[in-house]
$ cat model-v4.csv   # CSV, C-alpha atoms and all ligand atoms
chain,number,residue,atom,x,y,z
A,252,MET,CA,34.3,-21.5,42.8
A,253,ASN,CA,32.7,-23.4,40.0
A,254,LYS,CA,29.8,-20.9,40.1
A,255,MET,CA,32.2,-18.0,39.9
A,256,ILE,CA,34.0,-19.4,36.9
A,257,MET,CA,30.7,-20.1,35.2
A,258,ALA,CA,29.6,-16.5,35.9
A,259,ALA,CA,32.8,-15.2,34.5
A,260,VAL,CA,32.5,-17.3,31.4
A,261,ALA,CA,28.9,-16.2,31.0
A,262,ALA,CA,29.9,-12.5,31.3
A,263,LEU,CA,32.6,-13.0,28.7
A,264,CYS,CA,30.1,-14.6,26.4
A,265,VAL,CA,27.5,-11.8,26.8
A,266,CYS,CA,30.2,-9.3,26.0
A,267,GLY,CA,31.5,-11.3,23.1
A,268,CYS,CA,28.1,-11.7,21.7
A,269,SER,CA,27.0,-8.1,22.1
A,270,GLN,CA,30.3,-7.0,20.5
A,271,ASN,CA,29.5,-9.3,17.6
A,272,ASN,CA,26.0,-7.9,17.4
A,273,ASP,CA,27.1,-4.3,17.3
A,274,ASP,CA,29.2,-5.2,14.4
A,275,ALA,CA,26.5,-6.8,12.4
A,276,ILE,CA,23.7,-5.4,10.4
A,277,LYS,CA,20.4,-6.8,11.7
A,278,MET,CA,17.5,-7.4,9.5
A,279,ILE,CA,14.0,-7.9,10.9
A,280,THR,CA,11.3,-9.6,8.9
A,281,GLU,CA,8.3,-11.9,9.0
A,282,ALA,CA,9.2,-15.1,7.2
A,283,THR,CA,5.8,-16.4,5.9
A,284,PHE,CA,5.9,-14.2,2.8
A,285,PRO,CA,7.3,-16.1,-0.2
A,286,PRO,CA,9.2,-15.4,-2.3
A,287,TYR,CA,10.3,-12.3,-0.3
A,288,GLU,CA,11.0,-14.3,2.9
A,289,PHE,CA,10.2,-17.8,3.8
A,290,LEU,CA,11.8,-20.7,5.7
A,291,ARG,CA,14.1,-23.3,4.1
A,292,GLY,CA,14.1,-25.6,7.0
A,293,GLN,CA,15.2,-23.4,9.8
A,294,GLU,CA,16.9,-20.8,7.6
A,295,ILE,CA,15.2,-17.6,6.6
A,296,VAL,CA,15.7,-17.1,2.9
A,297,GLY,CA,14.2,-14.9,0.1
A,298,ILE,CA,14.6,-11.8,-2.0
A,299,ASP,CA,14.5,-9.4,1.0
A,300,VAL,CA,17.2,-11.4,2.7
A,301,GLU,CA,19.5,-11.1,-0.3
A,302,ILE,CA,18.8,-7.4,-0.6
A,303,CYS,CA,19.8,-6.9,3.1
A,304,ARG,CA,22.8,-9.1,2.8
A,305,ALA,CA,24.0,-7.0,-0.1
A,306,ILE,CA,23.5,-3.9,2.1
A,307,ALA,CA,25.6,-5.4,4.9
A,308,GLN,CA,28.2,-6.4,2.4
A,309,LYS,CA,28.5,-2.9,1.1
A,310,LEU,CA,28.9,-1.7,4.7
A,311,GLY,CA,31.5,-4.3,5.3
A,312,LYS,CA,29.5,-5.7,8.2
A,313,LYS,CA,28.3,-9.1,9.3
A,314,PHE,CA,24.7,-9.9,8.6
A,315,GLN,CA,22.0,-11.3,10.9
A,316,CYS,CA,18.3,-11.9,10.2
A,317,GLU,CA,15.4,-12.6,12.6
A,318,THR,CA,11.7,-13.2,12.1
A,319,VAL,CA,8.9,-11.9,14.3
A,320,ASP,CA,5.1,-11.3,13.8
A,321,PHE,CA,4.5,-8.7,11.0
A,322,ASP,CA,3.1,-6.3,13.6
A,323,SER,CA,6.4,-6.3,15.4
A,324,VAL,CA,8.6,-5.7,12.3
A,325,ILE,CA,8.5,-1.9,12.1
A,326,PRO,CA,8.6,-1.4,15.9
A,327,ALA,CA,11.9,-3.4,15.9
A,328,VAL,CA,13.7,-0.7,13.9
A,329,ILE,CA,12.0,2.1,15.8
A,330,SER,CA,13.3,0.7,19.1
A,331,GLY,CA,16.8,0.0,17.6
A,332,LYS,CA,16.5,-3.8,18.0
A,333,ALA,CA,17.2,-4.1,14.3
A,334,ASP,CA,18.7,-1.9,11.6
A,335,LEU,CA,16.7,-2.9,8.5
A,336,ALA,CA,13.1,-3.8,8.3
A,337,ALA,CA,12.5,-5.8,5.1
A,338,ALA,CA,9.4,-7.8,4.8
A,339,GLY,CA,7.7,-6.8,1.6
A,340,ILE,CA,6.8,-3.7,3.4
A,341,THR,CA,4.6,-1.3,1.5
A,342,VAL,CA,5.4,2.4,1.7
A,343,THR,CA,2.4,4.2,3.2
A,344,GLU,CA,1.9,7.8,4.5
A,345,ASP,CA,1.1,6.4,7.9
A,346,ARG,CA,4.3,4.4,8.2
A,347,LYS,CA,6.3,7.3,6.9
A,348,LYS,CA,5.4,9.1,10.1
A,349,ASN,CA,7.4,6.5,12.1
A,350,VAL,CA,10.2,5.3,9.9
A,351,ASP,CA,12.2,6.4,6.9
A,352,PHE,CA,11.9,4.4,3.7
A,353,SER,CA,14.5,3.6,1.0
A,354,ILE,CA,13.7,4.0,-2.6
A,355,PRO,CA,11.3,1.3,-3.7
A,356,TYR,CA,12.6,-2.0,-5.0
A,357,VAL,CA,9.4,-3.4,-6.5
A,358,THR,CA,6.0,-2.1,-7.6
A,359,THR,CA,3.2,-4.6,-6.8
A,360,GLY,CA,-0.1,-4.7,-5.0
A,361,ILE,CA,-2.8,-6.7,-3.3
A,362,VAL,CA,-5.3,-9.1,-4.9
A,363,VAL,CA,-8.3,-11.1,-3.9
A,364,VAL,CA,-7.9,-14.9,-3.4
A,365,TYR,CA,-11.2,-16.7,-4.0
A,366,SER,CA,-12.7,-20.1,-4.4
A,367,LYS,CA,-13.8,-20.9,-8.0
A,368,SER,CA,-17.1,-22.0,-6.6
A,369,ASN,CA,-17.7,-18.4,-5.4
A,370,PRO,CA,-16.1,-16.3,-8.2
A,371,TYR,CA,-14.9,-12.8,-7.4
A,372,THR,CA,-16.6,-10.2,-9.5
A,373,GLY,CA,-15.4,-6.9,-8.0
A,374,PRO,CA,-14.9,-4.8,-4.9
A,375,ALA,CA,-18.6,-4.3,-4.3
A,376,GLN,CA,-19.0,-8.0,-3.7
A,377,LEU,CA,-16.6,-7.9,-0.7
A,378,LYS,CA,-18.9,-5.7,1.4
A,379,GLY,CA,-20.2,-7.5,4.5
A,380,LYS,CA,-18.3,-10.7,3.6
A,381,ARG,CA,-15.8,-12.5,5.9
A,382,ILE,CA,-12.4,-11.4,4.6
A,383,GLY,CA,-9.2,-13.1,5.7
A,384,VAL,CA,-5.9,-11.0,5.9
A,385,GLN,CA,-2.5,-11.2,7.5
A,386,GLY,CA,-2.7,-9.0,10.6
A,387,GLY,CA,-0.9,-5.6,10.4
A,388,THR,CA,-0.7,-5.5,6.6
A,389,THR,CA,-2.1,-3.1,4.0
A,390,SER,CA,-4.7,-5.8,3.2
A,391,GLU,CA,-6.0,-5.3,6.7
A,392,THR,CA,-6.0,-1.5,6.2
A,393,TYR,CA,-7.9,-2.0,2.9
A,394,VAL,CA,-10.7,-4.0,4.6
A,395,LEU,CA,-10.9,-1.5,7.5
A,396,GLU,CA,-10.7,1.7,5.5
A,397,GLN,CA,-12.1,0.9,2.0
A,398,LEU,CA,-14.7,-1.6,3.0
A,399,GLY,CA,-15.4,-0.1,6.5
A,400,GLN,CA,-15.5,-3.5,8.2
A,401,GLU,CA,-13.4,-5.8,10.4
A,402,PRO,CA,-11.3,-8.4,8.7
A,403,GLU,CA,-10.5,-11.9,10.0
A,404,ARG,CA,-6.9,-11.7,11.0
A,405,SER,CA,-4.3,-14.5,10.4
A,406,ARG,CA,-0.6,-14.7,11.2
A,407,SER,CA,0.3,-15.4,7.6
A,408,PRO,CA,-1.1,-15.3,4.1
A,409,ALA,CA,-1.0,-19.2,4.0
A,410,GLU,CA,-3.1,-19.3,7.3
A,411,ALA,CA,-5.6,-17.0,5.7
A,412,VAL,CA,-5.9,-19.1,2.6
A,413,ALA,CA,-6.3,-22.2,4.8
A,414,ALA,CA,-9.3,-20.5,6.4
A,415,LEU,CA,-10.7,-19.8,2.9
A,416,LYS,CA,-10.3,-23.5,2.0
A,417,ALA,CA,-12.0,-24.5,5.2
A,418,GLY,CA,-14.9,-22.1,4.5
A,419,ARG,CA,-14.2,-20.0,7.6
A,420,VAL,CA,-13.8,-16.9,5.4
A,421,ASP,CA,-15.4,-16.0,2.0
A,422,PHE,CA,-12.4,-14.2,0.5
A,423,VAL,CA,-8.7,-13.5,1.3
A,424,ILE,CA,-6.9,-10.3,0.5
A,425,ALA,CA,-3.1,-10.6,0.2
A,426,ASP,CA,-0.1,-9.3,-1.7
A,427,ILE,CA,0.1,-10.9,-5.1
A,428,ASP,CA,3.3,-12.9,-4.8
A,429,PRO,CA,2.5,-14.8,-1.6
A,430,ALA,CA,-1.1,-15.1,-2.9
A,431,LYS,CA,0.2,-16.8,-6.1
A,432,ASN,CA,2.3,-19.1,-4.0
A,433,CYS,CA,-0.7,-20.0,-1.9
A,434,VAL,CA,-2.9,-20.9,-4.9
A,435,LYS,CA,-0.1,-22.9,-6.6
A,436,GLY,CA,-1.4,-26.4,-7.1
A,437,GLU,CA,-4.8,-25.5,-5.6
A,438,ASN,CA,-7.2,-26.2,-8.5
A,439,ASP,CA,-10.2,-24.7,-6.6
A,440,LEU,CA,-8.6,-21.3,-5.9
A,441,ALA,CA,-7.9,-18.3,-8.1
A,442,ILE,CA,-6.7,-14.7,-7.7
A,443,SER,CA,-8.1,-11.5,-9.0
A,444,ASP,CA,-6.3,-8.6,-10.8
A,445,PHE,CA,-4.6,-6.0,-8.7
A,446,VAL,CA,-6.9,-4.2,-6.2
A,447,THR,CA,-4.2,-1.6,-5.3
A,448,SER,CA,-0.8,-0.5,-6.5
A,449,GLU,CA,1.9,-0.6,-3.8
A,450,ASP,CA,5.7,-0.1,-3.6
A,451,TYR,CA,7.9,-2.2,-1.4
A,452,ALA,CA,10.9,-0.5,0.3
A,453,ILE,CA,13.2,-1.0,3.3
A,454,ALA,CA,12.2,0.8,6.5
A,455,ILE,CA,14.8,2.1,9.0
A,456,LYS,CA,14.8,4.2,12.1
A,457,LYS,CA,14.3,7.9,11.4
A,458,GLY,CA,17.5,10.0,11.3
A,459,ARG,CA,20.0,7.6,9.8
A,460,PRO,CA,20.8,9.4,6.5
A,461,ASP,CA,24.1,7.6,6.0
A,462,LEU,CA,22.5,4.2,6.3
A,463,LEU,CA,19.7,5.3,4.0
A,464,LYS,CA,22.1,6.5,1.4
A,465,ILE,CA,23.9,3.1,1.3
A,466,ILE,CA,20.6,1.2,1.1
A,467,ASP,CA,19.4,3.4,-1.8
A,468,GLU,CA,22.7,2.9,-3.6
A,469,THR,CA,22.5,-0.9,-3.1
A,470,ILE,CA,19.0,-1.0,-4.4
A,471,ALA,CA,19.9,0.9,-7.5
A,472,GLU,CA,22.8,-1.4,-8.1
A,473,ILE,CA,20.9,-4.7,-7.7
A,474,LYS,CA,18.2,-3.4,-10.0
A,475,SER,CA,20.6,-2.4,-12.7
A,476,ASP,CA,23.1,-5.3,-12.6
A,477,GLY,CA,20.3,-7.9,-12.8
A,478,ARG,CA,20.8,-9.4,-9.3
A,479,LEU,CA,17.3,-8.4,-8.1
A,480,ALA,CA,15.7,-10.0,-11.2
A,481,LYS,CA,17.7,-13.2,-10.6
A,482,TRP,CA,16.7,-13.4,-7.0
A,483,VAL,CA,13.0,-12.9,-7.9
A,484,ALA,CA,13.2,-15.8,-10.4
A,485,GLU,CA,15.2,-18.1,-8.1
A,486,PHE,CA,13.2,-17.6,-4.9
A,487,THR,CA,9.8,-17.7,-6.7
A,488,ALA,CA,10.8,-21.1,-8.1
A,489,GLU,CA,12.2,-22.4,-4.8
A,490,ALA,CA,9.1,-21.2,-2.9
A,491,ASP,CA,6.8,-22.8,-5.5
A,492,SER,CA,8.7,-26.1,-5.3
A,493,LEU,CA,8.5,-26.1,-1.5
A,494,LYS,CA,4.8,-25.5,-1.8
A,495,ASN,CA,4.4,-28.6,-3.9
A,496,LYS,CA,6.2,-30.9,-1.5
B,501,LIG,N1,2.9,-5.4,1.7
B,501,LIG,C1,2.1,-5.6,2.8
B,501,LIG,C2,2.3,-4.5,3.9
B,501,LIG,O1,3.3,-3.9,3.9
B,501,LIG,C3,2.2,-7.0,3.4
B,501,LIG,C4,3.6,-7.3,3.9
B,501,LIG,C5,3.6,-8.6,4.7
B,501,LIG,N2,4.9,-9.0,4.8
B,501,LIG,C6,5.3,-10.1,5.5
B,501,LIG,N3,6.6,-10.4,5.4
B,501,LIG,N4,4.5,-10.9,6.1
B,501,LIG,O2,1.5,-4.4,4.7

$ encode --input "model-v4.csv" --output "structure tokens"
Amino acid sequence: MNKMIMAAVAALCVCGCSQNNDDAIKMITEATFPPYEFLRGQEIVGIDVEICRAIAQKLGKKFQCETVDFDSVIPAVISGKADLAAAGITVTEDRKKNVDFSIPYVTTGIVVVYSKSNPYTGPAQLKGKRIGVQGGTTSETYVLEQLGQEPERSRSPAEAVAALKAGRVDFVIADIDPAKNCVKGENDLAISDFVTSEDYAIAIKKGRPDLLKIIDETIAEIKSDGRLAKWVAEFTAEADSLKNK
């Protein structure tokens, strides 16, 4: 009897939860990428989270956010597990084959993180060196395609920079903002000028034009009303202060 009641309660809960979930806009990200997404204790926070929250608000829906490895972010929207992939995702021709992208919300790029005892002089110097990157990123693609070699893959930009500090890699390539966060307070480390120019946008499953339209409208609004600039300033400061703790 007890078991039956428990099963009934469990069934109710599953229904209740899935109903809730259907109602919510689900964001998928990889939260080791400050200031775009990082952890404040257990909570996922950052610029991308606020952008997606604003999209959910515009749709009049609840909002949920989950973090997975960067490799799994785009697959999660393709499979329908999540609605919005927002993880400082660079728009690339390759990715465009599998997902639709919103209008860009920032133009940025990748840089080289190096140790001042081994100053970076230019791309030619990277050939044949051990180069750390976060797996699945455009930094990985750069090493594979532009340098024609295998990178040393880490699960986060910070882990790649830790390998640089420990002497396990010679250079790290990463997006400029998380790279800046990583070198904050590290007197022996520095970053280069941009190696590429890249646009970040939100990725969604192909064939959802109504959702894409709302996302684009939201991005246009947060750019023009100053919210985006405010989030960039606030989350950069918060991520830097967490770094210094
Ligand atoms: N912009 C790069 C890319 O799209 C790196 C993104 C990594 N993002 C993250 N949340 N870890 O490949």

$ residues_around --input "model-v4.csv" --residues "region 404-418 of chain A" --least-positions-apart "6" --cutoff "12 Å" --atoms "only C-alpha atoms" --output "PyMOL selection string"
chain A and resi 281-285+288-289+319-323+361-369+380-388+390-392+394-395+424-435+437-442+494

$ closest_residue --input "model-v4.csv" --among "A:Ile302, A:Ala375, A:Ile453, A:Ala275" --to "ligand LIG 501 (chain B)" --atoms "all atoms listed in the file"
A:Ile453

$ closest_residue --input "model-v4.csv" --among "A:Ile466, A:Ala484, A:Leu377, A:Ala490" --to "Gln308 (chain A)" --atoms "all atoms listed in the file"
A:Ile466

$ closest_residue --input "model-v4.csv" --among "A:Leu310, A:Leu290, A:Ile465, A:Leu398" --to "ligand LIG 501 (chain B)" --atoms "all atoms listed in the file"
A:Leu290

$ residues_near_point --input "model-v4.csv" --point "(19.3, -1.0, 18.0)" --cutoff "12 Å" --atoms "all atoms listed in the file" --output "ChimeraX atom specification"
/A:269,272-279,326-336,455-456,459

$ write_last_selection --input "model-v4.csv" --atoms "C-alpha atoms" --output "compact mmCIF listing (two decimals), in the frame of the given file"
# COMPACT_ATOMS: atom_id res chain seq x y z
CA SER A 269 27.00 -8.10 22.10
CA ASN A 272 26.00 -7.90 17.40
CA ASP A 273 27.10 -4.30 17.30
CA ASP A 274 29.20 -5.20 14.40
CA ALA A 275 26.50 -6.80 12.40
CA ILE A 276 23.70 -5.40 10.40
CA LYS A 277 20.40 -6.80 11.70
CA MET A 278 17.50 -7.40 9.50
CA ILE A 279 14.00 -7.90 10.90
CA PRO A 326 8.60 -1.40 15.90
CA ALA A 327 11.90 -3.40 15.90
CA VAL A 328 13.70 -0.70 13.90
CA ILE A 329 12.00 2.10 15.80
CA SER A 330 13.30 0.70 19.10
CA GLY A 331 16.80 0.00 17.60
CA LYS A 332 16.50 -3.80 18.00
CA ALA A 333 17.20 -4.10 14.30
CA ASP A 334 18.70 -1.90 11.60
CA LEU A 335 16.70 -2.90 8.50
CA ALA A 336 13.10 -3.80 8.30
CA ILE A 455 14.80 2.10 9.00
CA LYS A 456 14.80 4.20 12.10
CA ARG A 459 20.00 7.60 9.80

$ closest_residue --input "model-v4.csv" --among "A:Leu462, A:Val420, A:Leu493, A:Val357" --to "ligand LIG 501 (chain B)" --atoms "only C-alpha atoms and all ligand atoms"
A:Val357

$ atom_distance --input "model-v4.csv" --atom1 "CA of Gly458 (chain A)" --atom2 "CA of Lys347 (chain A)"
12.3 Å

$ residues_near_point --input "model-v4.csv" --point "(-19.3, -5.5, 10.4)" --cutoff "7 Å" --atoms "all atoms listed in the file" --output "ChimeraX atom specification"
/A:379,400-401

$ write_last_selection --input "model-v4.csv" --atoms "C-alpha atoms" --output "CSV table (one decimal), in the coordinates of the input"
chain,number,residue,atom,x,y,z
A,379,GLY,CA,-20.2,-7.5,4.5
A,400,GLN,CA,-15.5,-3.5,8.2
A,401,GLU,CA,-13.4,-5.8,10.4

$ atom_distance --input "model-v4.csv" --atom1 "CA of Val423 (chain A)" --atom2 "CA of Glu449 (chain A)"
17.5 Å

$ closest_residue --input "model-v4.csv" --among "A:Ser443, A:Thr469, A:Gln315, A:Thr359" --to "Ile340 (chain A)" --atoms "all atoms listed in the file"
A:Thr359

$ closest_residue --input "model-v4.csv" --among "A:Asp461, A:Asp444, A:Asp345, A:Asp421" --to "ligand LIG 501 (chain B)" --atoms "all atoms listed in the file"
A:Asp345

$ decode --input "model-v4.csv" --residues "region 428-441 of chain A" --atoms "N, CA, C and O atoms" --output "compact mmCIF listing (two decimals), in the first residue's frame"
# COMPACT_ATOMS: atom_id res chain seq x y z
N ASP A 428 37.89 37.51 -23.08
CA ASP A 428 37.36 37.88 -21.76
C ASP A 428 37.66 36.86 -20.67
O ASP A 428 38.17 37.23 -19.61
N PRO A 429 37.41 35.56 -20.90
CA PRO A 429 37.86 34.60 -19.89
C PRO A 429 39.38 34.60 -19.73
O PRO A 429 39.89 34.42 -18.62
N ALA A 430 40.12 34.87 -20.83
CA ALA A 430 41.59 34.94 -20.74
C ALA A 430 42.01 36.08 -19.81
O ALA A 430 42.88 35.91 -18.95
N LYS A 431 41.36 37.23 -19.96
CA LYS A 431 41.67 38.38 -19.09
C LYS A 431 41.39 38.03 -17.64
O LYS A 431 42.14 38.39 -16.74
N ASN A 432 40.28 37.33 -17.42
CA ASN A 432 39.94 36.92 -16.05
C ASN A 432 41.01 35.98 -15.49
O ASN A 432 41.41 36.11 -14.34
N CYS A 433 41.49 35.07 -16.33
CA CYS A 433 42.50 34.11 -15.88
C CYS A 433 43.82 34.78 -15.50
O CYS A 433 44.49 34.34 -14.59
N VAL A 434 44.20 35.83 -16.24
CA VAL A 434 45.51 36.44 -15.96
C VAL A 434 45.41 37.53 -14.88
O VAL A 434 46.44 38.03 -14.41
N LYS A 435 44.18 37.86 -14.48
CA LYS A 435 43.98 38.87 -13.43
C LYS A 435 44.77 38.47 -12.18
O LYS A 435 44.61 37.36 -11.68
N GLY A 436 45.61 39.35 -11.72
CA GLY A 436 46.37 39.08 -10.49
C GLY A 436 47.53 38.11 -10.68
O GLY A 436 48.20 37.76 -9.71
N GLU A 437 47.77 37.65 -11.91
CA GLU A 437 48.89 36.74 -12.19
C GLU A 437 50.00 37.57 -12.83
O GLU A 437 49.97 37.83 -14.02
N ASN A 438 50.99 37.93 -12.05
CA ASN A 438 52.00 38.86 -12.56
C ASN A 438 52.90 38.27 -13.63
O ASN A 438 53.52 39.01 -14.39
N ASP A 439 52.97 36.94 -13.71
CA ASP A 439 53.86 36.31 -14.69
C ASP A 439 53.19 36.07 -16.03
O ASP A 439 53.82 35.62 -16.97
N LEU A 440 51.87 36.30 -16.10
CA LEU A 440 51.13 35.98 -17.33
C LEU A 440 50.69 37.24 -18.06
O LEU A 440 50.46 38.28 -17.45
N ALA A 441 50.57 37.13 -19.38
CA ALA A 441 50.08 38.24 -20.19
C ALA A 441 49.27 37.69 -21.35
O ALA A 441 49.31 36.48 -21.62
